[in-house]
>>> print(open('query_13.json').read())   # JSON, C-alpha atoms and all ligand atoms
[["chain", "number", "residue", "atom", "x", "y", "z"],
["U", 1, "MET", "CA", 19.51, 10.03, 6.31],
["U", 2, "THR", "CA", 18.75, 7.99, 9.43],
["U", 3, "ASN", "CA", 17.09, 4.65, 8.78],
["U", 4, "THR", "CA", 14.26, 4.38, 11.30],
["U", 5, "GLY", "CA", 13.41, 0.83, 10.20],
["U", 6, "HIS", "CA", 9.85, 1.97, 9.49],
["U", 7, "ALA", "CA", 8.17, 0.21, 6.56],
["U", 8, "ASN", "CA", 4.81, 1.29, 5.23],
["U", 9, "HIS", "CA", 1.95, -1.07, 6.13],
["U", 10, "ILE", "CA", -0.07, -2.68, 3.33],
["U", 11, "PRO", "CA", -3.48, -3.92, 4.54],
["U", 12, "ASP", "CA", -4.53, -7.53, 3.89],
["U", 13, "GLY", "CA", -6.66, -8.66, 0.98],
["U", 14, "GLN", "CA", -6.38, -9.81, -2.59],
["U", 15, "ILE", "CA", -4.75, -7.75, -5.31],
["U", 16, "LEU", "CA", -6.63, -8.15, -8.58],
["U", 17, "LEU", "CA", -4.12, -7.45, -11.32],
["U", 18, "VAL", "CA", -5.67, -6.81, -14.68],
["U", 19, "GLY", "CA", -2.92, -7.47, -17.21],
["U", 20, "GLY", "CA", -0.20, -8.93, -15.00],
["U", 21, "GLY", "CA", 1.28, -11.49, -17.39],
["U", 22, "GLN", "CA", 4.35, -9.53, -18.43],
["U", 23, "GLY", "CA", 6.15, -6.24, -17.97],
["U", 24, "ILE", "CA", 5.11, -3.90, -15.18],
["U", 25, "GLY", "CA", 2.10, -6.00, -14.16],
["U", 26, "ARG", "CA", 4.20, -9.12, -13.82],
["U", 27, "ALA", "CA", 6.65, -7.24, -11.59],
["U", 28, "ILE", "CA", 3.76, -6.13, -9.37],
["U", 29, "ALA", "CA", 2.49, -9.73, -9.15],
["U", 30, "ALA", "CA", 6.01, -10.90, -8.25],
["U", 31, "ASP", "CA", 6.05, -8.36, -5.42],
["U", 32, "PHE", "CA", 2.86, -9.88, -3.93],
["U", 33, "PRO", "CA", 3.00, -13.56, -4.96],
["U", 34, "GLU", "CA", 0.62, -14.89, -2.28],
["U", 35, "ARG", "CA", -2.16, -12.42, -2.86],
["U", 36, "SER", "CA", -2.23, -11.56, -6.58],
["U", 37, "THR", "CA", -4.82, -12.77, -9.08],
["U", 38, "ILE", "CA", -3.89, -12.10, -12.69],
["U", 39, "TRP", "CA", -6.34, -11.48, -15.52],
["U", 40, "THR", "CA", -4.86, -11.64, -19.03],
["U", 41, "ARG", "CA", -6.01, -13.10, -22.32],
["U", 42, "LYS", "CA", -3.54, -15.94, -21.75],
["U", 43, "SER", "CA", -5.16, -16.64, -18.38],
["U", 44, "GLY", "CA", -8.59, -16.66, -20.11],
["U", 45, "VAL", "CA", -9.94, -13.15, -19.44],
["U", 46, "ASP", "CA", -10.10, -10.73, -22.35],
["U", 47, "THR", "CA", -11.07, -7.51, -20.62],
["U", 48, "THR", "CA", -12.26, -5.86, -23.83],
["U", 49, "ASP", "CA", -15.17, -8.33, -23.50],
["U", 50, "GLU", "CA", -17.69, -7.02, -20.97],
["U", 51, "ALA", "CA", -19.31, -10.44, -20.37],
["U", 52, "ALA", "CA", -15.92, -12.10, -19.85],
["U", 53, "VAL", "CA", -15.02, -9.50, -17.22],
["U", 54, "ARG", "CA", -18.35, -9.91, -15.42],
["U", 55, "ASP", "CA", -18.03, -13.71, -15.36],
["U", 56, "ALA", "CA", -14.40, -13.60, -14.22],
["U", 57, "TYR", "CA", -15.33, -11.27, -11.38],
["U", 58, "ILE", "CA", -18.19, -13.51, -10.22],
["U", 59, "SER", "CA", -15.70, -16.39, -9.90],
["U", 60, "PHE", "CA", -13.14, -14.16, -8.20],
["U", 61, "GLU", "CA", -15.64, -12.79, -5.69],
["U", 62, "ASP", "CA", -17.01, -16.27, -4.90],
["U", 63, "LYS", "CA", -13.49, -17.34, -4.00],
["U", 64, "TYR", "CA", -12.08, -14.28, -2.23],
["U", 65, "GLY", "CA", -14.77, -11.64, -1.73],
["U", 66, "ALA", "CA", -13.95, -8.09, -2.81],
["U", 67, "PRO", "CA", -10.25, -7.39, -3.41],
["U", 68, "TYR", "CA", -8.27, -4.87, -1.38],
["U", 69, "ALA", "CA", -6.78, -3.51, -4.59],
["U", 70, "LEU", "CA", -7.66, -3.37, -8.25],
["U", 71, "ILE", "CA", -4.60, -2.63, -10.38],
["U", 72, "HIS", "CA", -5.13, -2.24, -14.12],
["U", 73, "THR", "CA", -1.97, -2.41, -16.24],
["U", 74, "ILE", "CA", -3.31, -3.08, -19.75],
["U", 75, "GLY", "CA", -2.63, -0.55, -22.48],
["U", 76, "ASP", "CA", -1.28, -1.24, -25.96],
["U", 77, "PHE", "CA", 1.01, 1.40, -27.48],
["U", 78, "VAL", "CA", 1.25, 2.43, -31.14],
["U", 79, "GLU", "CA", 3.55, 5.18, -32.39],
["U", 80, "GLN", "CA", 1.93, 6.77, -35.43],
["U", 81, "PRO", "CA", 1.01, 10.29, -36.59],
["U", 82, "LEU", "CA", -2.70, 11.06, -36.30],
["U", 83, "LEU", "CA", -3.42, 11.27, -40.02],
["U", 84, "GLU", "CA", -1.70, 7.95, -40.65],
["U", 85, "THR", "CA", -3.69, 6.13, -37.97],
["U", 86, "THR", "CA", -6.27, 3.73, -39.39],
["U", 87, "ASP", "CA", -9.77, 3.30, -38.01],
["U", 88, "SER", "CA", -8.92, -0.14, -36.72],
["U", 89, "THR", "CA", -5.78, 1.08, -34.89],
["U", 90, "TYR", "CA", -7.77, 3.94, -33.37],
["U", 91, "HIS", "CA", -10.52, 1.60, -32.12],
["U", 92, "HIS", "CA", -7.99, -0.95, -30.91],
["U", 93, "LEU", "CA", -6.09, 1.66, -28.86],
["U", 94, "PHE", "CA", -9.25, 2.92, -27.19],
["U", 95, "ALA", "CA", -10.50, -0.63, -26.58],
["U", 96, "SER", "CA", -7.20, -1.68, -25.03],
["U", 97, "ASN", "CA", -6.49, 1.45, -22.98],
["U", 98, "VAL", "CA", -9.95, 2.79, -22.09],
["U", 99, "ASP", "CA", -12.70, 0.17, -22.58],
["U", 100, "THR", "CA", -10.78, -2.32, -20.44],
["U", 101, "VAL", "CA", -10.57, 0.26, -17.63],
["U", 102, "PHE", "CA", -14.28, 1.13, -17.86],
["U", 103, "GLN", "CA", -15.38, -2.50, -17.94],
["U", 104, "THR", "CA", -13.14, -3.48, -15.06],
["U", 105, "ILE", "CA", -14.08, -0.67, -12.72],
["U", 106, "GLN", "CA", -17.79, -1.21, -13.46],
["U", 107, "ALA", "CA", -17.50, -4.91, -12.63],
["U", 108, "VAL", "CA", -15.23, -4.70, -9.57],
["U", 109, "VAL", "CA", -15.47, -1.36, -7.76],
["U", 110, "PRO", "CA", -19.12, -1.62, -6.55],
["U", 111, "SER", "CA", -18.28, -4.63, -4.40],
["U", 112, "MET", "CA", -15.08, -2.97, -3.14],
["U", 113, "LEU", "CA", -17.11, -0.06, -1.74],
["U", 114, "LYS", "CA", -18.37, -2.20, 1.13],
["U", 115, "ARG", "CA", -14.86, -2.87, 2.50],
["U", 116, "GLY", "CA", -14.31, 0.65, 3.89],
["U", 117, "THR", "CA", -10.78, 0.77, 2.53],
["U", 118, "GLY", "CA", -9.15, -0.12, -0.77],
["U", 119, "ARG", "CA", -7.08, 0.98, -3.71],
["U", 120, "VAL", "CA", -7.63, 1.41, -7.41],
["U", 121, "ILE", "CA", -4.48, 1.99, -9.45],
["U", 122, "LEU", "CA", -4.66, 2.67, -13.18],
["U", 123, "PHE", "CA", -1.85, 3.26, -15.68],
["U", 124, "ALA", "CA", -1.44, 6.21, -18.05],
["U", 125, "ALA", "CA", 1.87, 7.37, -19.55],
["U", 126, "ALA", "CA", 4.19, 10.25, -18.66],
["U", 127, "GLY", "CA", 2.91, 13.42, -20.32],
["U", 128, "ALA", "CA", -0.69, 12.25, -20.83],
["U", 129, "ASP", "CA", -1.90, 14.70, -18.17],
["U", 130, "LYS", "CA", -0.41, 17.70, -20.06],
["U", 131, "GLN", "CA", -2.59, 19.72, -22.41],
["U", 132, "ARG", "CA", -0.22, 19.76, -25.35],
["U", 133, "ALA", "CA", 0.47, 17.95, -28.60],
["U", 134, "MET", "CA", 1.84, 14.42, -28.24],
["U", 135, "LEU", "CA", 3.19, 13.99, -31.75],
["U", 136, "ARG", "CA", 4.86, 10.64, -31.15],
["U", 137, "ALA", "CA", 1.67, 8.71, -30.40],
["U", 138, "PRO", "CA", -1.37, 11.03, -30.46],
["U", 139, "VAL", "CA", -4.13, 8.41, -30.27],
["U", 140, "TYR", "CA", -2.39, 6.44, -27.50],
["U", 141, "PHE", "CA", -1.95, 9.63, -25.46],
["U", 142, "ALA", "CA", -5.56, 10.68, -26.10],
["U", 143, "ALA", "CA", -6.65, 7.29, -24.74],
["U", 144, "LYS", "CA", -4.39, 7.70, -21.70],
["U", 145, "ALA", "CA", -5.80, 11.21, -21.11],
["U", 146, "ALA", "CA", -9.25, 9.56, -21.03],
["U", 147, "VAL", "CA", -8.00, 7.08, -18.42],
["U", 148, "ILE", "CA", -6.80, 10.01, -16.26],
["U", 149, "GLN", "CA", -10.17, 11.75, -16.51],
["U", 150, "LEU", "CA", -12.04, 8.57, -15.59],
["U", 151, "ALA", "CA", -9.72, 8.09, -12.61],
["U", 152, "ARG", "CA", -10.16, 11.64, -11.34],
["U", 153, "SER", "CA", -13.94, 11.38, -11.54],
["U", 154, "LEU", "CA", -14.06, 7.94, -9.92],
["U", 155, "ALA", "CA", -11.73, 9.15, -7.16],
["U", 156, "ALA", "CA", -14.10, 11.99, -6.26],
["U", 157, "GLU", "CA", -17.21, 9.83, -6.68],
["U", 158, "ILE", "CA", -16.06, 7.23, -4.14],
["U", 159, "ALA", "CA", -13.65, 9.17, -1.91],
["U", 160, "GLU", "CA", -15.91, 8.90, 1.14],
["U", 161, "SER", "CA", -15.83, 5.10, 0.92],
["U", 162, "GLY", "CA", -12.16, 5.03, 1.94],
["U", 163, "ILE", "CA", -11.07, 3.77, -1.48],
["U", 164, "THR", "CA", -8.43, 5.82, -3.26],
["U", 165, "VAL", "CA", -8.06, 5.97, -7.04],
["U", 166, "ASN", "CA", -4.76, 7.05, -8.56],
["U", 167, "VAL", "CA", -2.91, 6.84, -11.84],
["U", 168, "ILE", "CA", 0.73, 5.94, -12.33],
["U", 169, "ALA", "CA", 2.25, 7.53, -15.43],
["U", 170, "PRO", "CA", 5.42, 5.66, -16.37],
["U", 171, "GLY", "CA", 8.08, 7.02, -18.70],
["U", 172, "LEU", "CA", 10.31, 4.60, -20.61],
["U", 173, "ILE", "CA", 10.21, 1.36, -18.63],
["U", 174, "ASN", "CA", 12.41, -1.37, -19.99],
["U", 175, "HIS", "CA", 11.30, -5.03, -19.82],
["U", 176, "ASP", "CA", 11.31, -8.12, -22.04],
["U", 177, "HIS", "CA", 8.36, -6.93, -24.13],
["U", 178, "SER", "CA", 8.84, -3.15, -24.11],
["U", 179, "HIS", "CA", 9.20, -1.08, -27.28],
["U", 180, "ARG", "CA", 13.00, -1.23, -27.56],
["U", 181, "GLU", "CA", 13.51, 0.82, -30.72],
["U", 182, "SER", "CA", 11.28, 3.66, -29.56],
["U", 183, "GLN", "CA", 12.83, 3.68, -26.08],
["U", 184, "ALA", "CA", 16.39, 3.79, -27.52],
["U", 185, "ARG", "CA", 15.41, 6.79, -29.65],
["U", 186, "MET", "CA", 13.93, 8.61, -26.65],
["U", 187, "LEU", "CA", 16.66, 7.86, -24.12],
["U", 188, "SER", "CA", 18.51, 11.16, -24.72],
["U", 189, "LYS", "CA", 15.40, 12.94, -23.40],
["U", 190, "VAL", "CA", 15.65, 11.30, -19.97],
["U", 191, "PRO", "CA", 17.68, 13.55, -17.61],
["U", 192, "ALA", "CA", 18.22, 10.58, -15.26],
["U", 193, "GLY", "CA", 20.27, 9.05, -18.08],
["U", 194, "ARG", "CA", 18.71, 5.58, -18.04],
["U", 195, "LEU", "CA", 15.56, 3.69, -18.89],
["U", 196, "GLY", "CA", 13.31, 2.81, -15.97],
["U", 197, "HIS", "CA", 13.03, -0.68, -14.45],
["U", 198, "PRO", "CA", 9.67, -2.26, -13.54],
["U", 199, "GLN", "CA", 10.93, -2.01, -9.94],
["U", 200, "ASP", "CA", 10.95, 1.79, -10.23],
["U", 201, "VAL", "CA", 7.21, 1.45, -10.74],
["U", 202, "THR", "CA", 6.54, -1.25, -8.15],
["U", 203, "ALA", "CA", 8.00, 1.08, -5.50],
["U", 204, "MET", "CA", 5.26, 3.58, -6.35],
["U", 205, "VAL", "CA", 2.64, 0.83, -6.34],
["U", 206, "ARG", "CA", 3.76, -0.23, -2.84],
["U", 207, "TYR", "CA", 3.40, 3.33, -1.63],
["U", 208, "LEU", "CA", -0.10, 3.73, -3.09],
["U", 209, "LEU", "CA", -1.17, 0.39, -1.60],
["U", 210, "SER", "CA", 0.05, 1.38, 1.85],
["U", 211, "ALA", "CA", -2.24, 2.55, 4.65],
["U", 212, "GLU", "CA", -0.07, 5.68, 4.79],
["U", 213, "ALA", "CA", -1.31, 6.72, 1.31],
["U", 214, "SER", "CA", -4.98, 6.81, 2.38],
["U", 215, "TYR", "CA", -5.21, 10.60, 1.83],
["U", 216, "VAL", "CA", -3.73, 10.50, -1.69],
["U", 217, "THR", "CA", -6.48, 10.22, -4.28],
["U", 218, "GLY", "CA", -7.31, 11.48, -7.77],
["U", 219, "GLN", "CA", -3.63, 11.99, -8.56],
["U", 220, "VAL", "CA", -1.30, 11.23, -11.43],
["U", 221, "LEU", "CA", 2.06, 10.01, -10.13],
["U", 222, "THR", "CA", 4.75, 10.15, -12.78],
["U", 223, "VAL", "CA", 7.72, 7.75, -12.73],
["U", 224, "ASP", "CA", 9.92, 8.80, -15.66],
["U", 225, "GLY", "CA", 13.40, 9.95, -14.60],
["U", 226, "GLY", "CA", 12.40, 13.51, -15.57],
["U", 227, "LEU", "CA", 11.49, 12.65, -19.21],
["U", 228, "GLN", "CA", 11.43, 15.81, -21.38],
["U", 229, "ALA", "CA", 9.12, 14.80, -24.22],
["X", 301, "LIG", "N1", 6.51, -0.08, -20.53],
["X", 301, "LIG", "C1", 6.55, 1.22, -20.68],
["X", 301, "LIG", "O1", 7.61, 1.80, -20.98],
["X", 301, "LIG", "C2", 5.32, 2.07, -20.50],
["X", 301, "LIG", "C3", 5.42, 3.45, -20.69],
["X", 301, "LIG", "C4", 4.30, 4.25, -20.51],
["X", 301, "LIG", "C5", 3.10, 3.68, -20.11],
["X", 301, "LIG", "N2", 3.01, 2.33, -19.96],
["X", 301, "LIG", "C6", 1.72, 1.77, -19.56],
["X", 301, "LIG", "O2", 1.92, 0.98, -18.40],
["X", 301, "LIG", "C7", 1.06, -0.17, -18.44],
["X", 301, "LIG", "C8", 1.88, -1.44, -18.34],
["X", 301, "LIG", "O3", 2.81, -1.45, -19.42],
["X", 301, "LIG", "P1", 3.62, -2.76, -19.83],
["X", 301, "LIG", "O4", 4.69, -2.30, -20.76],
["X", 301, "LIG", "O5", 3.95, -3.56, -18.62],
["X", 301, "LIG", "O6", 2.47, -3.55, -20.69],
["X", 301, "LIG", "P2", 2.58, -4.86, -21.60],
["X", 301, "LIG", "O7", 3.98, -5.38, -21.62],
["X", 301, "LIG", "O8", 1.92, -4.50, -22.89],
["X", 301, "LIG", "O9", 1.68, -5.92, -20.80],
["X", 301, "LIG", "C9", 0.30, -5.81, -20.83],
["X", 301, "LIG", "C10", -0.36, -7.00, -20.15],
["X", 301, "LIG", "O10", -1.76, -6.86, -20.37],
["X", 301, "LIG", "C11", -2.31, -8.07, -20.89],
["X", 301, "LIG", "N3", -3.39, -7.70, -21.80],
["X", 301, "LIG", "C12", -3.32, -6.97, -22.96],
["X", 301, "LIG", "N4", -4.52, -6.85, -23.50],
["X", 301, "LIG", "C13", -5.40, -7.51, -22.70],
["X", 301, "LIG", "C14", -6.80, -7.75, -22.74],
["X", 301, "LIG", "N5", -7.57, -7.28, -23.73],
["X", 301, "LIG", "N6", -7.36, -8.46, -21.74],
["X", 301, "LIG", "C15", -6.61, -8.96, -20.72],
["X", 301, "LIG", "N7", -5.27, -8.77, -20.63],
["X", 301, "LIG", "C16", -4.68, -8.06, -21.62],
["X", 301, "LIG", "C17", -1.15, -8.79, -21.58],
["X", 301, "LIG", "O11", -1.32, -10.21, -21.52],
["X", 301, "LIG", "P3", -2.05, -11.05, -22.69],
["X", 301, "LIG", "O12", -1.38, -10.67, -23.97],
["X", 301, "LIG", "O13", -1.91, -12.48, -22.28],
["X", 301, "LIG", "O14", -3.49, -10.62, -22.66],
["X", 301, "LIG", "C18", 0.02, -8.36, -20.70],
["X", 301, "LIG", "O15", 0.17, -9.26, -19.60],
["X", 301, "LIG", "C19", 0.26, -0.03, -19.73],
["X", 301, "LIG", "O16", -0.96, 0.62, -19.46],
["X", 301, "LIG", "C20", 1.12, 0.85, -20.61],
["X", 301, "LIG", "O17", 0.38, 1.56, -21.61],
["X", 301, "LIG", "C21", 4.08, 1.51, -20.15]]
>>> encode(input="query_13.json", output="structure tokens", more="lines below")
Ligand SMILES: NC(=O)c1ccc[n+]([C@@H]2O[C@H](COP(=O)([O-])OP(=O)(O)OC[C@H]3O[C@@H](n4cnc5c(N)ncnc54)[C@H](OP(=O)(O)O)[C@@H]3O)[C@@H](O)[C@H]2O)c1
Amino acid sequence: MTNTGHANHIPDGQILLVGGGQGIGRAIAADFPERSTIWTRKSGVDTTDEAAVRDAYISFEDKYGAPYALIHTIGDFVEQPLLETTDSTYHHLFASNVDTVFQTIQAVVPSMLKRGTGRVILFAAAGADKQRAMLRAPVYFAAKAAVIQLARSLAAEIAESGITVNVIAPGLINHDHSHRESQARMLSKVPAGRLGHPQDVTAMVRYLLSAEASYVTGQVLTVDGGLQA
């Protein structure tokens, strides 16, 4: 293929990374070191806490104004059959995967609408958009399916504003804190023959952030090496 030297253009503005302290989020922050703000519990923002999110956004907006992009990468994973899942695990998984998305978009997106362009990127997991049993981690996948539905509705609700809303659905992405034992067990189901790297995902993030992706909205973009599970 001929290299035309053409690189996609990413408009200016802050990237608000919700959950960028490790793993995929940290790789995204490393890709945009001068313009990323990270919200994690370690950095003092627990996004399961509505008031904490509101306060953190007031400080952020005072400093920078509305961000160009809101990227939410939080989402704890628990592998457990449905009937063995306790109430507290169930509520934790929905709080971590869904409540944090709801609270963040409620606090941040209204002020983004005035910019005329912008990006919201949420994270699900490969397979969460399929209507079938997910025996490995049913509650986690139910929570991720909720994230996808919220994203699709938000995308349509604000499409005219010039802000796109998309979901990245990673497969087995290997990093310092990923679920090693589970990923090793699942590796034989990856036709590409390897685990993914955070950089496989940051390439998709770069594309979605680009001006060239302005007509892509309400989509689930899967990055999983063809995972058959
Ligand atoms: N890695 C994979 O193979 C894989 C596969 C499928 C889907 N995914 C999804 O992709 C996304 C990123 O995955 P990952 O593996 O990079 O995640 P991760 O390693 O679990 O990192 C999550 C980040 O979110 C922060 N966080 C967690 N709870 C928080 C809270 N209540 N408030 C604020 N920050 C919080 C953590 O920092 P603190 O602990 O300091 O708060 C951490 O920086 C997740 O949605 C995950 O479900 C990942």
>>> axis_aligned_box(input="query_13.json", around="ligand LIG 301 (chain X)", padding_each_side="3 Å", output="lines of an AutoDock Vina configuration file")
center_x = 0.0
center_y = -4.1
center_z = -21.2
size_x = 21.2
size_y = 22.7
size_z = 11.6
>>> residues_around(input="query_13.json", residues="Phe141 of chain U", least_positions_apart="3", cutoff="12 Å", atoms="all atoms listed in the file", output="PDB file with C-alpha atoms, in the coordinates of the input")
ATOM      1  CA  GLY U  75      -2.630  -0.550 -22.480  1.00  0.00           C
ATOM      2  CA  ASP U  76      -1.280  -1.240 -25.960  1.00  0.00           C
ATOM      3  CA  PHE U  77       1.010   1.400 -27.480  1.00  0.00           C
ATOM      4  CA  VAL U  78       1.250   2.430 -31.140  1.00  0.00           C
ATOM      5  CA  GLU U  79       3.550   5.180 -32.390  1.00  0.00           C
ATOM      6  CA  GLN U  80       1.930   6.770 -35.430  1.00  0.00           C
ATOM      7  CA  PRO U  81       1.010  10.290 -36.590  1.00  0.00           C
ATOM      8  CA  LEU U  82      -2.700  11.060 -36.300  1.00  0.00           C
ATOM      9  CA  TYR U  90      -7.770   3.940 -33.370  1.00  0.00           C
ATOM     10  CA  LEU U  93      -6.090   1.660 -28.860  1.00  0.00           C
ATOM     11  CA  PHE U  94      -9.250   2.920 -27.190  1.00  0.00           C
ATOM     12  CA  ASN U  97      -6.490   1.450 -22.980  1.00  0.00           C
ATOM     13  CA  VAL U  98      -9.950   2.790 -22.090  1.00  0.00           C
ATOM     14  CA  PHE U 123      -1.850   3.260 -15.680  1.00  0.00           C
ATOM     15  CA  ALA U 124      -1.440   6.210 -18.050  1.00  0.00           C
ATOM     16  CA  ALA U 125       1.870   7.370 -19.550  1.00  0.00           C
ATOM     17  CA  ALA U 126       4.190  10.250 -18.660  1.00  0.00           C
ATOM     18  CA  GLY U 127       2.910  13.420 -20.320  1.00  0.00           C
ATOM     19  CA  ALA U 128      -0.690  12.250 -20.830  1.00  0.00           C
ATOM     20  CA  ASP U 129      -1.900  14.700 -18.170  1.00  0.00           C
ATOM     21  CA  LYS U 130      -0.410  17.700 -20.060  1.00  0.00           C
ATOM     22  CA  GLN U 131      -2.590  19.720 -22.410  1.00  0.00           C
ATOM     23  CA  ARG U 132      -0.220  19.760 -25.350  1.00  0.00           C
ATOM     24  CA  ALA U 133       0.470  17.950 -28.600  1.00  0.00           C
ATOM     25  CA  MET U 134       1.840  14.420 -28.240  1.00  0.00           C
ATOM     26  CA  LEU U 135       3.190  13.990 -31.750  1.00  0.00           C
ATOM     27  CA  ARG U 136       4.860  10.640 -31.150  1.00  0.00           C
ATOM     28  CA  ALA U 137       1.670   8.710 -30.400  1.00  0.00           C
ATOM     29  CA  PRO U 138      -1.370  11.030 -30.460  1.00  0.00           C
ATOM     30  CA  LYS U 144      -4.390   7.700 -21.700  1.00  0.00           C
ATOM     31  CA  ALA U 145      -5.800  11.210 -21.110  1.00  0.00           C
ATOM     32  CA  ALA U 146      -9.250   9.560 -21.030  1.00  0.00           C
ATOM     33  CA  VAL U 147      -8.000   7.080 -18.420  1.00  0.00           C
ATOM     34  CA  ILE U 148      -6.800  10.010 -16.260  1.00  0.00           C
ATOM     35  CA  ALA U 169       2.250   7.530 -15.430  1.00  0.00           C
TER      36      ALA U 169
END
>>> atom_distance(input="query_13.json", atom1="atom CA of Tyr57 of chain U", atom2="atom CA of Thr37 of chain U")
10.9 Å
>>> closest_atom_pairs(input="query_13.json", of="chain U", to="ligand LIG 301 (chain X)", cutoff="8 Å", atoms="only C-alpha atoms and all ligand atoms", output="Markdown table")
| residue | atom | partner | partner_atom | distance |
| --- | --- | --- | --- | --- |
| U:Val18 | CA | X:LIG301 | N7 | 6.3 |
| U:Gly19 | CA | X:LIG301 | O10 | 3.4 |
| U:Gly20 | CA | X:LIG301 | O15 | 4.6 |
| U:Gly21 | CA | X:LIG301 | O15 | 3.3 |
| U:Gln22 | CA | X:LIG301 | O15 | 4.3 |
| U:Gly23 | CA | X:LIG301 | O5 | 3.5 |
| U:Ile24 | CA | X:LIG301 | O5 | 3.6 |
| U:Gly25 | CA | X:LIG301 | O5 | 5.4 |
| U:Arg26 | CA | X:LIG301 | O15 | 7.0 |
| U:Trp39 | CA | X:LIG301 | C15 | 5.8 |
| U:Thr40 | CA | X:LIG301 | N7 | 3.3 |
| U:Arg41 | CA | X:LIG301 | O14 | 3.6 |
| U:Lys42 | CA | X:LIG301 | O13 | 3.9 |
| U:Ser43 | CA | X:LIG301 | O13 | 6.6 |
| U:Gly44 | CA | X:LIG301 | C15 | 8.0 |
| U:Val45 | CA | X:LIG301 | C15 | 5.5 |
| U:Asp46 | CA | X:LIG301 | N6 | 3.6 |
| U:Thr47 | CA | X:LIG301 | N6 | 4.0 |
| U:Thr48 | CA | X:LIG301 | N5 | 4.9 |
| U:Asp49 | CA | X:LIG301 | N5 | 7.7 |
| U:His72 | CA | X:LIG301 | O16 | 7.4 |
| U:Thr73 | CA | X:LIG301 | C7 | 4.4 |
| U:Ile74 | CA | X:LIG301 | O10 | 4.1 |
| U:Gly75 | CA | X:LIG301 | O16 | 3.6 |
| U:Asp76 | CA | X:LIG301 | O17 | 5.4 |
| U:Phe77 | CA | X:LIG301 | O17 | 5.9 |
| U:Ala95 | CA | X:LIG301 | N5 | 7.8 |
| U:Ser96 | CA | X:LIG301 | N5 | 5.8 |
| U:Asn97 | CA | X:LIG301 | O16 | 6.6 |
| U:Thr100 | CA | X:LIG301 | N5 | 6.8 |
| U:Leu122 | CA | X:LIG301 | O16 | 7.6 |
| U:Phe123 | CA | X:LIG301 | O16 | 4.7 |
| U:Ala124 | CA | X:LIG301 | C5 | 5.6 |
| U:Ala125 | CA | X:LIG301 | C5 | 3.9 |
| U:Ala126 | CA | X:LIG301 | C4 | 6.3 |
| U:Lys144 | CA | X:LIG301 | O17 | 7.8 |
| U:Ile168 | CA | X:LIG301 | O2 | 7.9 |
| U:Ala169 | CA | X:LIG301 | C5 | 6.1 |
| U:Pro170 | CA | X:LIG301 | C4 | 4.5 |
| U:Gly171 | CA | X:LIG301 | C3 | 4.9 |
| U:Leu172 | CA | X:LIG301 | O1 | 3.9 |
| U:Ile173 | CA | X:LIG301 | O1 | 3.5 |
| U:Asn174 | CA | X:LIG301 | O1 | 5.8 |
| U:His175 | CA | X:LIG301 | N1 | 6.9 |
| U:Asp176 | CA | X:LIG301 | O7 | 7.8 |
| U:His177 | CA | X:LIG301 | O7 | 5.3 |
| U:Ser178 | CA | X:LIG301 | N1 | 5.3 |
| U:His179 | CA | X:LIG301 | O1 | 7.1 |
| U:Gln183 | CA | X:LIG301 | O1 | 7.5 |
| U:Gly196 | CA | X:LIG301 | O1 | 7.7 |
| U:Pro198 | CA | X:LIG301 | O5 | 7.8 |
>>> atom_distance(input="query_13.json", atom1="atom CA of Glu181 of chain U", atom2="atom CA of Ser88 of chain U")
23.2 Å
>>> closest_residue(input="query_13.json", among="U:Val190, U:His197, U:Asn166, U:Met112", to="Leu221 of chain U", atoms="only C-alpha atoms")
U:Asn166
>>> residues_around(input="query_13.json", residues="Ile158 of chain U", least_positions_apart="6", cutoff="10 Å", atoms="only C-alpha atoms", output="tab-separated table (two decimals) with C-alpha atoms, in the coordinates of the input")
chain	number	residue	atom	x	y	z
U	109	VAL	CA	-15.47	-1.36	-7.76
U	110	PRO	CA	-19.12	-1.62	-6.55
U	113	LEU	CA	-17.11	-0.06	-1.74
U	164	THR	CA	-8.43	5.82	-3.26
U	165	VAL	CA	-8.06	5.97	-7.04
>>> closest_residue(input="query_13.json", among="U:Arg180, U:Arg152, U:Arg54, U:Lys189", to="Val220 of chain U", atoms="all atoms listed in the file")
U:Arg152
>>> atom_distance(input="query_13.json", atom1="atom CA of Asp224 of chain U", atom2="atom CA of His91 of chain U")
27.2 Å
>>> closest_residue(input="query_13.json", among="U:Ala30, U:Ala107, U:Pro67, U:Pro11", to="Ala52 of chain U", atoms="all atoms listed in the file")
U:Ala107
>>> closest_residue(input="query_13.json", among="U:Val108, U:Leu209, U:Leu154, U:Ala27", to="Ser59 of chain U", atoms="all atoms listed in the file")
U:Val108
>>> closest_residue(input="query_13.json", among="U:Pro191, U:Gly118, U:Gly226, U:Gly162", to="Leu70 of chain U", atoms="only C-alpha atoms")
U:Gly118
>>> closest_residue(input="query_13.json", among="U:Ala7, U:Ile28, U:Arg119, U:Gln103", to="Asp55 of chain U", atoms="all atoms listed in the file")
U:Gln103
